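model08.txt follows; it contains compact mmCIF, C-alpha atoms and all ligand atoms.
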# COMPACT_ATOMS: atom_id res chain seq x y z
CA MET Z 1177 11.94 -10.85 76.60
CA GLY Z 1178 14.53 -12.34 78.95
CA SER Z 1179 15.33 -15.98 79.48
CA ILE Z 1180 13.35 -18.03 81.97
CA GLU Z 1181 15.10 -19.53 84.96
CA ASN Z 1182 13.37 -20.51 88.22
CA GLY Z 1183 10.22 -18.84 86.92
CA VAL Z 1184 12.02 -15.50 86.50
CA GLN Z 1185 11.82 -13.59 83.26
CA ALA Z 1186 14.23 -10.70 83.17
CA GLN Z 1187 11.61 -8.32 81.81
CA LYS Z 1188 8.57 -9.69 83.54
CA GLY Z 1189 9.19 -10.37 87.19
CA VAL Z 1190 8.17 -13.73 88.64
CA GLU Z 1191 5.28 -15.93 87.68
CA GLN Z 1192 4.74 -19.37 89.20
CA ASP Z 1193 1.90 -21.45 90.68
CA ASP Z 1194 -0.64 -18.73 89.85
CA LEU Z 1195 1.34 -16.15 91.79
CA VAL Z 1196 2.32 -13.22 89.59
CA MET Z 1197 4.79 -10.62 90.84
CA PRO Z 1198 5.07 -8.32 87.83
CA LEU Z 1199 7.99 -6.05 87.08
CA ILE Z 1200 6.58 -2.54 86.77
CA ASP Z 1201 8.25 0.54 85.31
CA PHE Z 1202 7.41 3.18 87.90
CA GLY Z 1203 9.04 5.87 85.76
CA ALA Z 1204 5.97 5.62 83.54
CA PHE Z 1205 3.82 6.65 86.50
CA LEU Z 1206 6.19 9.32 87.81
CA HIS Z 1207 6.88 11.00 84.47
CA GLY Z 1208 4.30 9.71 81.98
CA ASP Z 1209 1.37 11.55 80.44
CA ARG Z 1210 -2.08 11.05 81.90
CA PRO Z 1211 -3.03 7.83 80.02
CA THR Z 1212 0.40 6.30 80.72
CA LYS Z 1213 0.10 7.16 84.42
CA LYS Z 1214 -3.34 5.60 84.58
CA ALA Z 1215 -2.25 2.42 82.75
CA THR Z 1216 0.74 2.02 85.10
CA ALA Z 1217 -1.38 2.67 88.18
CA ASP Z 1218 -3.83 0.02 86.96
CA GLN Z 1219 -1.00 -2.51 86.67
CA ILE Z 1220 0.16 -1.67 90.18
CA LEU Z 1221 -3.32 -1.97 91.66
CA HIS Z 1222 -3.86 -5.24 89.80
CA ALA Z 1223 -0.71 -6.68 91.40
CA PHE Z 1224 -1.78 -5.50 94.86
CA THR Z 1225 -5.25 -7.03 94.47
CA THR Z 1226 -3.95 -10.40 93.23
CA SER Z 1227 -0.54 -11.51 94.57
CA GLY Z 1228 -0.01 -8.46 96.79
CA PHE Z 1229 3.61 -8.33 95.52
CA LEU Z 1230 5.39 -6.60 92.65
CA TYR Z 1231 8.85 -5.48 91.56
CA LEU Z 1232 9.34 -1.78 90.90
CA GLN Z 1233 12.01 -0.48 88.53
CA ASN Z 1234 12.86 3.12 87.65
CA HIS Z 1235 11.60 3.96 91.12
CA GLY Z 1236 13.68 7.11 91.43
CA VAL Z 1237 15.82 6.00 94.39
CA PRO Z 1238 19.41 6.51 93.18
CA GLN Z 1239 21.40 3.28 92.94
CA GLU Z 1240 24.39 4.89 94.73
CA MET Z 1241 22.17 5.64 97.67
CA VAL Z 1242 21.00 2.03 97.85
CA SER Z 1243 24.56 0.67 97.57
CA GLN Z 1244 25.72 3.07 100.25
CA ALA Z 1245 22.92 1.97 102.57
CA PHE Z 1246 23.92 -1.68 102.11
CA SER Z 1247 27.55 -0.94 102.85
CA GLN Z 1248 26.65 1.17 105.90
CA SER Z 1249 24.44 -1.69 107.08
CA ALA Z 1250 27.21 -4.29 106.71
CA GLN Z 1251 29.65 -2.02 108.59
CA PHE Z 1252 27.13 -1.48 111.34
CA PHE Z 1253 26.45 -5.17 111.91
CA ALA Z 1254 30.21 -5.87 111.88
CA ARG Z 1255 30.59 -3.76 115.04
CA PRO Z 1256 31.34 -5.54 118.33
CA GLN Z 1257 28.23 -7.09 119.86
CA ALA Z 1258 28.62 -5.02 123.03
CA GLN Z 1259 28.54 -1.81 120.99
CA LYS Z 1260 25.39 -2.83 119.16
CA ASP Z 1261 23.80 -3.83 122.45
CA THR Z 1262 24.17 -0.28 123.78
CA LEU Z 1263 21.72 0.78 121.05
CA GLY Z 1264 19.15 -1.89 121.88
CA TRP Z 1265 15.48 -1.85 120.88
CA THR Z 1266 13.30 -1.02 123.87
CA THR Z 1267 9.52 -1.05 123.40
CA PRO Z 1268 6.87 -1.55 120.67
CA ASP Z 1269 5.83 2.11 121.05
CA ALA Z 1270 9.32 3.26 120.23
CA ASN Z 1271 10.21 0.44 117.81
CA ARG Z 1272 13.65 1.88 117.34
CA GLY Z 1273 17.10 0.41 117.85
CA TYR Z 1274 19.14 -2.75 117.48
CA VAL Z 1275 17.32 -6.09 117.69
CA THR Z 1276 19.62 -8.90 118.67
CA TRP Z 1277 19.63 -12.56 117.64
CA GLY Z 1278 16.46 -14.47 118.42
CA ARG Z 1279 14.60 -11.51 119.87
CA GLU Z 1280 11.89 -11.17 117.27
CA LYS Z 1281 9.89 -14.13 116.05
CA VAL Z 1282 7.64 -13.13 113.21
CA THR Z 1283 4.64 -15.37 112.99
CA GLN Z 1284 0.96 -15.40 112.14
CA SER Z 1285 0.13 -16.57 115.63
CA SER Z 1286 -1.17 -14.24 118.30
CA ASP Z 1287 -1.06 -16.89 121.01
CA PRO Z 1288 1.77 -15.92 123.39
CA GLU Z 1289 2.47 -19.53 124.35
CA GLU Z 1290 2.76 -20.62 120.77
CA ILE Z 1291 5.01 -17.68 119.93
CA ALA Z 1292 7.24 -18.50 122.90
CA ARG Z 1293 7.48 -22.11 121.77
CA LEU Z 1294 8.30 -21.15 118.19
CA ARG Z 1295 10.90 -18.66 119.32
CA ALA Z 1296 12.62 -21.28 121.44
CA SER Z 1297 12.55 -24.04 118.80
CA ASN Z 1298 13.35 -22.25 115.52
CA PRO Z 1299 14.61 -18.75 116.28
CA ASP Z 1300 14.92 -16.49 113.25
CA LEU Z 1301 18.59 -16.40 112.30
CA LYS Z 1302 18.91 -12.65 112.00
CA GLU Z 1303 19.69 -9.33 113.64
CA SER Z 1304 18.23 -5.98 112.66
CA MET Z 1305 18.37 -2.24 113.22
CA GLU Z 1306 15.09 -0.31 113.32
CA ILE Z 1307 14.99 3.39 112.46
CA GLY Z 1308 11.88 5.48 112.88
CA ARG Z 1309 10.78 8.99 112.06
CA GLU Z 1310 13.05 11.64 113.52
CA GLY Z 1311 11.76 14.23 115.93
CA VAL Z 1312 9.04 12.27 117.72
CA PRO Z 1313 9.05 13.52 121.33
CA GLY Z 1314 10.20 10.84 123.75
CA LEU Z 1315 11.05 8.34 121.01
CA PRO Z 1316 14.58 9.08 119.83
CA ASN Z 1317 16.31 6.91 117.26
CA ARG Z 1318 19.19 4.85 118.65
CA TRP Z 1319 21.89 6.31 116.43
CA PRO Z 1320 25.55 5.27 116.64
CA THR Z 1321 26.51 8.95 116.18
CA GLU Z 1322 28.50 9.15 119.40
CA LEU Z 1323 30.49 5.97 118.79
CA ASP Z 1324 32.83 7.31 116.10
CA GLU Z 1325 32.94 9.13 112.77
CA ALA Z 1326 31.65 6.06 110.90
CA GLY Z 1327 28.68 6.07 113.27
CA ALA Z 1328 28.02 9.73 112.55
CA GLN Z 1329 28.18 9.04 108.80
CA PHE Z 1330 25.76 6.12 109.24
CA THR Z 1331 23.32 8.47 110.92
CA ARG Z 1332 23.48 11.08 108.17
CA ASP Z 1333 23.15 8.53 105.36
CA MET Z 1334 20.23 6.71 106.97
CA GLN Z 1335 18.38 9.95 107.70
CA ARG Z 1336 18.65 10.87 104.03
CA PHE Z 1337 17.67 7.38 102.87
CA PHE Z 1338 14.65 7.42 105.18
CA LEU Z 1339 13.36 10.66 103.66
CA THR Z 1340 13.91 9.47 100.09
CA LEU Z 1341 11.90 6.33 100.80
CA LYS Z 1342 9.22 8.39 102.49
CA ASP Z 1343 8.72 10.18 99.15
CA LEU Z 1344 8.49 6.88 97.32
CA HIS Z 1345 5.77 5.76 99.73
CA VAL Z 1346 3.82 8.93 98.94
CA ASN Z 1347 4.17 8.20 95.22
CA VAL Z 1348 3.18 4.54 95.41
CA MET Z 1349 0.08 5.52 97.40
CA ARG Z 1350 -0.71 8.07 94.65
CA ALA Z 1351 -0.53 5.22 92.13
CA ILE Z 1352 -2.91 3.19 94.27
CA ALA Z 1353 -5.33 6.14 94.51
CA THR Z 1354 -5.17 6.53 90.72
CA GLY Z 1355 -5.65 2.79 90.16
CA MET Z 1356 -8.64 2.76 92.50
CA GLY Z 1357 -10.19 5.68 90.66
CA LEU Z 1358 -10.37 7.78 93.83
CA ASP Z 1359 -11.20 11.25 92.55
CA ASP Z 1360 -7.92 12.73 93.63
CA GLU Z 1361 -4.47 11.23 93.04
CA HIS Z 1362 -3.52 12.99 96.29
CA PHE Z 1363 -6.19 11.20 98.30
CA PHE Z 1364 -3.64 9.50 100.55
CA ASP Z 1365 -1.26 12.44 100.95
CA SER Z 1366 -2.74 13.46 104.28
CA TYR Z 1367 -2.16 9.87 105.45
CA THR Z 1368 1.47 9.67 104.31
CA ASP Z 1369 2.91 13.12 105.00
CA ALA Z 1370 4.00 12.48 108.59
CA GLY Z 1371 6.22 9.56 107.56
CA ASP Z 1372 5.42 7.27 110.48
CA ASN Z 1373 7.48 4.58 108.79
CA THR Z 1374 10.24 2.22 109.90
CA LEU Z 1375 13.50 1.65 108.10
CA ARG Z 1376 14.79 -1.80 109.02
CA LEU Z 1377 18.27 -3.00 108.18
CA LEU Z 1378 18.48 -6.78 108.25
CA HIS Z 1379 21.47 -9.08 108.54
CA TYR Z 1380 21.14 -12.82 108.20
CA PRO Z 1381 24.52 -14.27 109.21
CA PRO Z 1382 26.29 -17.08 107.35
CA VAL Z 1383 25.12 -20.51 108.49
CA LYS Z 1384 26.38 -24.02 107.90
CA ARG Z 1385 24.37 -26.08 105.43
CA SER Z 1386 24.01 -28.73 108.13
CA VAL Z 1387 21.76 -26.36 110.09
CA TRP Z 1388 19.04 -26.86 107.48
CA ARG Z 1389 19.81 -30.53 106.98
CA ASP Z 1390 19.36 -31.12 110.72
CA ASN Z 1391 16.29 -28.91 111.05
CA PRO Z 1392 14.14 -28.49 107.95
CA PHE Z 1393 12.00 -25.96 109.87
CA GLN Z 1394 14.87 -23.56 110.35
CA VAL Z 1395 14.18 -20.14 108.86
CA ARG Z 1396 15.99 -16.88 108.39
CA ALA Z 1397 12.63 -15.10 108.88
CA GLY Z 1398 9.52 -17.13 109.67
CA GLU Z 1399 6.31 -17.02 107.65
CA HIS Z 1400 4.45 -13.77 108.25
CA SER Z 1401 2.60 -10.91 106.63
CA ASP Z 1402 3.65 -7.29 107.10
CA TYR Z 1403 1.54 -5.05 109.30
CA GLY Z 1404 1.37 -1.62 107.72
CA SER Z 1405 0.34 -0.15 104.37
CA ILE Z 1406 3.16 -1.15 102.05
CA THR Z 1407 6.72 -2.44 102.40
CA LEU Z 1408 9.57 -1.39 100.13
CA LEU Z 1409 12.17 -4.15 100.18
CA PHE Z 1410 15.72 -4.03 98.86
CA GLN Z 1411 17.55 -7.36 98.72
CA ASP Z 1412 21.10 -8.29 97.85
CA HIS Z 1413 22.00 -11.03 95.34
CA VAL Z 1414 21.86 -13.95 97.76
CA GLY Z 1415 18.16 -14.83 97.58
CA GLY Z 1416 15.94 -16.77 99.96
CA LEU Z 1417 12.81 -14.60 100.08
CA GLU Z 1418 9.71 -16.66 99.27
CA VAL Z 1419 6.07 -15.68 98.80
CA LYS Z 1420 3.10 -17.98 99.33
CA SER Z 1421 1.08 -18.82 96.22
CA PRO Z 1422 -2.71 -19.26 96.20
CA HIS Z 1423 -2.02 -23.01 96.22
CA GLY Z 1424 0.01 -22.79 99.41
CA THR Z 1425 3.34 -23.43 97.67
CA TRP Z 1426 6.38 -21.20 98.12
CA VAL Z 1427 7.58 -19.11 95.20
CA ARG Z 1428 11.02 -17.55 95.24
CA ALA Z 1429 11.04 -13.77 94.90
CA THR Z 1430 14.36 -13.97 93.09
CA PRO Z 1431 16.40 -10.76 93.35
CA ILE Z 1432 16.23 -8.60 90.21
CA ASP Z 1433 18.93 -5.95 89.88
CA GLY Z 1434 17.87 -2.36 90.37
CA THR Z 1435 14.37 -3.21 91.56
CA ILE Z 1436 12.49 -2.87 94.82
CA VAL Z 1437 10.08 -5.60 95.91
CA VAL Z 1438 6.89 -3.88 97.03
CA ASN Z 1439 4.19 -5.67 98.97
CA ALA Z 1440 0.99 -4.70 100.72
CA GLY Z 1441 0.59 -5.11 104.47
CA ASP Z 1442 -2.33 -6.04 106.70
CA LEU Z 1443 -3.45 -2.51 107.46
CA LEU Z 1444 -3.78 -1.65 103.76
CA ALA Z 1445 -5.71 -4.88 103.19
CA ARG Z 1446 -8.04 -3.91 106.03
CA TRP Z 1447 -8.31 -0.32 104.80
CA SER Z 1448 -9.31 -1.57 101.34
CA ASN Z 1449 -11.92 -3.96 102.77
CA ASP Z 1450 -9.67 -6.82 101.61
CA LEU Z 1451 -9.57 -5.68 97.99
CA ILE Z 1452 -5.79 -5.48 98.38
CA LYS Z 1453 -3.97 -8.61 99.51
CA SER Z 1454 -1.39 -8.87 102.27
CA THR Z 1455 0.42 -12.08 101.37
CA ASN Z 1456 2.52 -14.30 103.60
CA HIS Z 1457 6.22 -14.54 102.95
CA ARG Z 1458 9.37 -15.83 104.63
CA VAL Z 1459 13.12 -16.03 104.21
CA ILE Z 1460 14.85 -19.41 104.05
CA GLN Z 1461 18.19 -20.61 102.71
CA PRO Z 1462 19.01 -19.49 99.17
CA PRO Z 1463 18.77 -21.94 96.28
CA PRO Z 1464 21.51 -24.58 96.40
CA PRO Z 1465 24.67 -23.73 94.49
CA LYS Z 1466 25.13 -25.22 91.04
CA ASP Z 1467 28.17 -27.06 92.45
CA VAL Z 1468 26.49 -30.13 93.96
CA GLU Z 1469 29.56 -31.26 95.85
CA ALA Z 1470 29.63 -28.04 97.85
CA ASP Z 1471 25.96 -28.59 98.58
CA ASN Z 1472 26.73 -31.96 100.14
CA ASP Z 1473 29.39 -30.59 102.44
CA PRO Z 1474 27.65 -29.98 105.79
CA GLU Z 1475 30.42 -27.61 106.84
CA ALA Z 1476 29.92 -25.44 103.76
CA LEU Z 1477 28.60 -22.02 104.65
CA ILE Z 1478 25.45 -20.50 103.26
CA PRO Z 1479 26.50 -16.89 102.68
CA ALA Z 1480 25.28 -14.00 104.79
CA ARG Z 1481 22.31 -12.11 103.41
CA TYR Z 1482 21.53 -8.40 103.82
CA SER Z 1483 18.21 -6.77 103.06
CA ILE Z 1484 16.61 -3.43 103.84
CA ALA Z 1485 12.89 -3.13 104.44
CA TYR Z 1486 11.08 0.18 104.66
CA PHE Z 1487 7.76 -0.43 106.37
CA CYS Z 1488 5.27 2.28 105.48
CA ASN Z 1489 2.28 3.15 107.60
CA PRO Z 1490 -0.60 5.58 107.50
CA ASN Z 1491 0.11 8.54 109.84
CA PHE Z 1492 -0.23 7.15 113.35
CA ASP Z 1493 -2.91 9.69 114.29
CA ARG Z 1494 -5.27 8.77 111.44
CA LEU Z 1495 -8.40 6.69 111.64
CA ILE Z 1496 -8.42 3.84 109.12
CA GLU Z 1497 -11.79 2.77 107.77
CA ALA Z 1498 -12.96 1.18 104.54
CA LEU Z 1499 -11.92 3.27 101.53
CA PRO Z 1500 -14.50 4.77 99.17
CA GLY Z 1501 -15.42 2.27 96.46
CA THR Z 1502 -14.48 -0.83 98.44
CA TRP Z 1503 -17.56 -1.45 100.56
CA GLU Z 1504 -20.67 0.19 99.08
CA LYS Z 1505 -21.81 -2.90 97.21
CA SER Z 1506 -21.06 -5.32 100.03
CA ALA Z 1507 -20.43 -4.10 103.56
CA LYS Z 1508 -17.62 -2.82 105.73
CA LYS Z 1509 -15.82 -5.88 107.06
CA TYR Z 1510 -13.87 -4.11 109.80
CA GLU Z 1511 -14.37 -1.55 112.51
CA PRO Z 1512 -12.52 1.74 112.07
CA ILE Z 1513 -9.19 1.65 113.88
CA ASN Z 1514 -6.47 4.10 114.75
CA SER Z 1515 -3.34 3.45 112.68
CA GLY Z 1516 -0.83 3.84 115.51
CA ASP Z 1517 -2.81 1.69 117.94
CA TYR Z 1518 -3.13 -1.07 115.38
CA LEU Z 1519 0.59 -1.15 114.64
CA VAL Z 1520 1.76 -1.02 118.24
CA ARG Z 1521 -0.60 -3.87 119.06
CA ARG Z 1522 0.81 -5.99 116.21
CA LEU Z 1523 4.40 -5.22 117.18
CA ALA Z 1524 3.76 -6.02 120.81
CA ALA Z 1525 2.80 -9.56 119.83
CA THR Z 1526 6.11 -10.38 118.12
CA TYR Z 1527 8.74 -9.16 120.55
O1 LIG I 1601 14.71 -9.99 104.35
C1 LIG I 1601 13.76 -10.05 103.56
O2 LIG I 1601 13.94 -10.23 102.36
C2 LIG I 1601 12.34 -9.93 104.04
C3 LIG I 1601 12.19 -9.47 105.44
C4 LIG I 1601 10.77 -9.36 105.83
O3 LIG I 1601 9.88 -9.89 105.21
C5 LIG I 1601 10.41 -8.52 107.00
O4 LIG I 1601 11.33 -8.11 107.75
O5 LIG I 1601 9.21 -8.27 107.19
FE FE I 1602 7.98 -9.08 105.77

Show me, as structure tokens, the structure contained in the file I just sent.
Amino acid sequence: MGSIENGVQAQKGVEQDDLVMPLIDFGAFLHGDRPTKKATADQILHAFTTSGFLYLQNHGVPQEMVSQAFSQSAQFFARPQAQKDTLGWTTPDANRGYVTWGREKVTQSSDPEEIARLRASNPDLKESMEIGREGVPGLPNRWPTELDEAGAQFTRDMQRFFLTLKDLHVNVMRAIATGMGLDDEHFFDSYTDAGDNTLRLLHYPPVKRSVWRDNPFQVRAGEHSDYGSITLLFQDHVGGLEVKSPHGTWVRATPIDGTIVVNAGDLLARWSNDLIKSTNHRVIQPPPPKDVEADNDPEALIPARYSIAYFCNPNFDRLIEALPGTWEKSAKKYEPINSGDYLVRRLAATY
């Protein structure tokens, strides 16, 4: 058992204010015998149906690949602004390309006036690069391949990373199927094989401490839930991700080395007739440094933060309606909906 600091136990994940984000050994699902697989899948489903968040270790994504993706991401964002702007994000249907400062305002609101007001008053302090499935007619990725050799390397590495994470999505959905007792572990395979997912590189630039002192509402990413089935999130050591507890308090999802934070999105909640929870989260400044004097210096910089989110979705051409076992004793809460339509509609509201 590890030591406890800020609610984090090295072996256990995070537990605070009745929000439990367990640390789960996914190797036990991937390689275990039948009872071990089932027990692990049950833990995963339990996390998804309570906090909606968990940490996954032994997930099978090689650490070198993750480190390389972070370094490629940092190099990409360090490019001249004009270069990044040539690769700009265009439309919600495409959802590919570079998203500049202040462009996206994630929020729970669907009222355009309110979103416009929020965007103007507390813009998210971030830039991002969105990468979608390759080979979709009319929706090319905005690769930096033509810029230089580093750009070409970026493209190759991100293509490989995308496909590795696609496999992990398939496997996590198999764990969910097993946890739910659906008669076939492969129940979701025909919903995950296309890989209609989005790989998002995120860069939160350094900011002066005074920015938060002068505006307590400032955020790196505003409170929101994710839209799709699940999100696989890699974070660096900086911290700042927070998840809302059942009591409405914010709990830090403190980075744990070698793990991926996995959370359920709105479409999976809907698909499961709300058995699975899509929980609000946000990114603010990291915890203050131990050195209090530095904390008092308004000119002191809060370090940059990098994270990588892989947003997984059911194949865009699939119809999503209440899963077997989630509605028979009550009722279906939602109309069937096409996966792609749902996601484009949600994206259109935030850009
Ligand atoms: O940067 C992070 O840690 C989280 C980002 C996030 O929640 C999102 O982009 O949906
Ligand atoms: Fe998110």

Margin query: 7 Å from ligand LIG 1601 (chain I) is the threshold here; counting only C-alpha atoms and all ligand atoms, which polymer residues fall inside it? Answer as number ranges by chain.
Written below: Z: 1378, 1397, 1402, 1409, 1411, 1417, 1457-1459, 1483-1485

### Counting all atoms listed in the file, the residue of Z:Glu1361, Z:Glu1191, Z:Asp1442, Z:Asp1218 that sits nearest Z:Ser1401
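Under the stated criterion, the closest residue is Z:Asp1442.
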
Please provide as a list in words all residues within 9 Å of stretch 1499-1507 of chain Z, with the sequence filter that same-chain residues fewer than 2 positions apart are discarded (counting only C-alpha atoms).
Met1356, Gly1357, Leu1358, Trp1447, Ser1448, Asn1449, Asp1450, Leu1451, Ile1496, Glu1497 and Lys1509 of chain Z

Give, as AutoDock Vina command-line options, the centre coordinates and the x, y and z edge lengths in Å to one decimal for an axis-aligned box around all listed atoms of stretch 1445-1460 of chain Z, padded by 3 Å on each side.
--center_x 1.5 --center_y -9.9 --center_z 102.0 --size_x 32.8 --size_y 25.1 --size_z 14.0

**Message:** Applying 8 Å and only C-alpha atoms, which residues near Z:Asp1365 remain after dropping the ones on its own chain fewer than 2 positions away? List them as a ChimeraX atom specification.
**Reply:** /Z:1346,1349-1350,1362-1363,1367-1369

For Z:Gly1228: contacts at 8 Å, all atoms listed in the file, fewer than 4 positions along chain excluded, given as a PyMOL selection string: chain Z and resi 1197+1223-1224+1439-1440+1452-1455

- Query: If you measure from atom CA of Z:Asn1456 to atom CA of Z:Glu1418, what distance in Å do you get, rounded to one decimal?
  - Reply: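 So the answer is 8.7 Å.
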
Exercise. Nearest to Z:Ile1200: which of Z:Pro1299, Z:Gly1516, Z:Pro1462, Z:Gly1434 is it, counting all atoms listed in the file?
Worked result: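 Under the stated criterion, the closest residue is Z:Gly1434.
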
Distance criterion (all atoms listed in the file): nearest to ligand FE 1602 (chain I) out of Z:Arg1396, Z:Arg1318, Z:His1207, Z:Arg1309: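 Closest to ligand FE 1602 (chain I), using all atoms listed in the file: Z:Arg1396.
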
Save stretch 1359-1378 of chain Z to a file: N, CA and C atoms, as a PDB file, in the first residue's frame.
ATOM      1  N   ASP Z1359     -23.786 -11.510 -23.583  1.00  0.00           N
ATOM      2  CA  ASP Z1359     -23.374 -12.912 -23.772  1.00  0.00           C
ATOM      3  C   ASP Z1359     -22.094 -13.072 -24.571  1.00  0.00           C
ATOM      4  N   ASP Z1360     -21.649 -12.034 -25.206  1.00  0.00           N
ATOM      5  CA  ASP Z1360     -20.427 -12.172 -25.981  1.00  0.00           C
ATOM      6  C   ASP Z1360     -19.477 -11.022 -25.631  1.00  0.00           C
ATOM      7  N   GLU Z1361     -18.274 -11.373 -25.225  1.00  0.00           N
ATOM      8  CA  GLU Z1361     -17.237 -10.364 -24.949  1.00  0.00           C
ATOM      9  C   GLU Z1361     -17.046  -9.436 -26.160  1.00  0.00           C
ATOM     10  N   HIS Z1362     -17.338  -9.972 -27.347  1.00  0.00           N
ATOM     11  CA  HIS Z1362     -17.114  -9.207 -28.582  1.00  0.00           C
ATOM     12  C   HIS Z1362     -18.332  -8.388 -29.009  1.00  0.00           C
ATOM     13  N   PHE Z1363     -19.286  -8.262 -28.081  1.00  0.00           N
ATOM     14  CA  PHE Z1363     -20.529  -7.564 -28.406  1.00  0.00           C
ATOM     15  C   PHE Z1363     -20.296  -6.219 -29.100  1.00  0.00           C
ATOM     16  N   PHE Z1364     -19.317  -5.459 -28.590  1.00  0.00           N
ATOM     17  CA  PHE Z1364     -19.118  -4.106 -29.118  1.00  0.00           C
ATOM     18  C   PHE Z1364     -18.194  -4.052 -30.332  1.00  0.00           C
ATOM     19  N   ASP Z1365     -17.594  -5.173 -30.701  1.00  0.00           N
ATOM     20  CA  ASP Z1365     -16.576  -5.117 -31.765  1.00  0.00           C
ATOM     21  C   ASP Z1365     -17.096  -4.465 -33.048  1.00  0.00           C
ATOM     22  N   SER Z1366     -18.329  -4.762 -33.379  1.00  0.00           N
ATOM     23  CA  SER Z1366     -18.864  -4.201 -34.625  1.00  0.00           C
ATOM     24  C   SER Z1366     -19.240  -2.722 -34.464  1.00  0.00           C
ATOM     25  N   TYR Z1367     -19.044  -2.200 -33.247  1.00  0.00           N
ATOM     26  CA  TYR Z1367     -19.237  -0.760 -33.008  1.00  0.00           C
ATOM     27  C   TYR Z1367     -17.902  -0.027 -32.886  1.00  0.00           C
ATOM     28  N   THR Z1368     -16.807  -0.791 -32.770  1.00  0.00           N
ATOM     29  CA  THR Z1368     -15.514  -0.142 -32.523  1.00  0.00           C
ATOM     30  C   THR Z1368     -14.515  -0.374 -33.653  1.00  0.00           C
ATOM     31  N   ASP Z1369     -14.878  -1.236 -34.622  1.00  0.00           N
ATOM     32  CA  ASP Z1369     -13.865  -1.639 -35.610  1.00  0.00           C
ATOM     33  C   ASP Z1369     -13.520  -0.539 -36.609  1.00  0.00           C
ATOM     34  N   ALA Z1370     -14.420   0.394 -36.855  1.00  0.00           N
ATOM     35  CA  ALA Z1370     -14.081   1.453 -37.813  1.00  0.00           C
ATOM     36  C   ALA Z1370     -12.995   2.363 -37.233  1.00  0.00           C
ATOM     37  N   GLY Z1371     -13.082   2.639 -35.951  1.00  0.00           N
ATOM     38  CA  GLY Z1371     -12.122   3.563 -35.328  1.00  0.00           C
ATOM     39  C   GLY Z1371     -12.459   5.015 -35.621  1.00  0.00           C
ATOM     40  N   ASP Z1372     -13.735   5.356 -35.473  1.00  0.00           N
ATOM     41  CA  ASP Z1372     -14.150   6.755 -35.679  1.00  0.00           C
ATOM     42  C   ASP Z1372     -13.820   7.582 -34.434  1.00  0.00           C
ATOM     43  N   ASN Z1373     -12.553   7.622 -34.110  1.00  0.00           N
ATOM     44  CA  ASN Z1373     -12.095   8.237 -32.864  1.00  0.00           C
ATOM     45  C   ASN Z1373     -11.297   9.499 -33.170  1.00  0.00           C
ATOM     46  N   THR Z1374     -11.033  10.287 -32.151  1.00  0.00           N
ATOM     47  CA  THR Z1374     -10.227  11.497 -32.338  1.00  0.00           C
ATOM     48  C   THR Z1374      -9.071  11.506 -31.358  1.00  0.00           C
ATOM     49  N   LEU Z1375      -7.879  11.658 -31.897  1.00  0.00           N
ATOM     50  CA  LEU Z1375      -6.686  11.831 -31.078  1.00  0.00           C
ATOM     51  C   LEU Z1375      -6.448  13.327 -30.937  1.00  0.00           C
ATOM     52  N   ARG Z1376      -6.467  13.805 -29.698  1.00  0.00           N
ATOM     53  CA  ARG Z1376      -6.301  15.245 -29.471  1.00  0.00           C
ATOM     54  C   ARG Z1376      -5.058  15.514 -28.630  1.00  0.00           C
ATOM     55  N   LEU Z1377      -4.127  16.253 -29.233  1.00  0.00           N
ATOM     56  CA  LEU Z1377      -2.952  16.698 -28.482  1.00  0.00           C
ATOM     57  C   LEU Z1377      -3.297  18.047 -27.867  1.00  0.00           C
ATOM     58  N   LEU Z1378      -3.005  18.205 -26.600  1.00  0.00           N
ATOM     59  CA  LEU Z1378      -3.356  19.448 -25.915  1.00  0.00           C
ATOM     60  C   LEU Z1378      -2.125  20.115 -25.329  1.00  0.00           C
TER      61      LEU Z1378
END
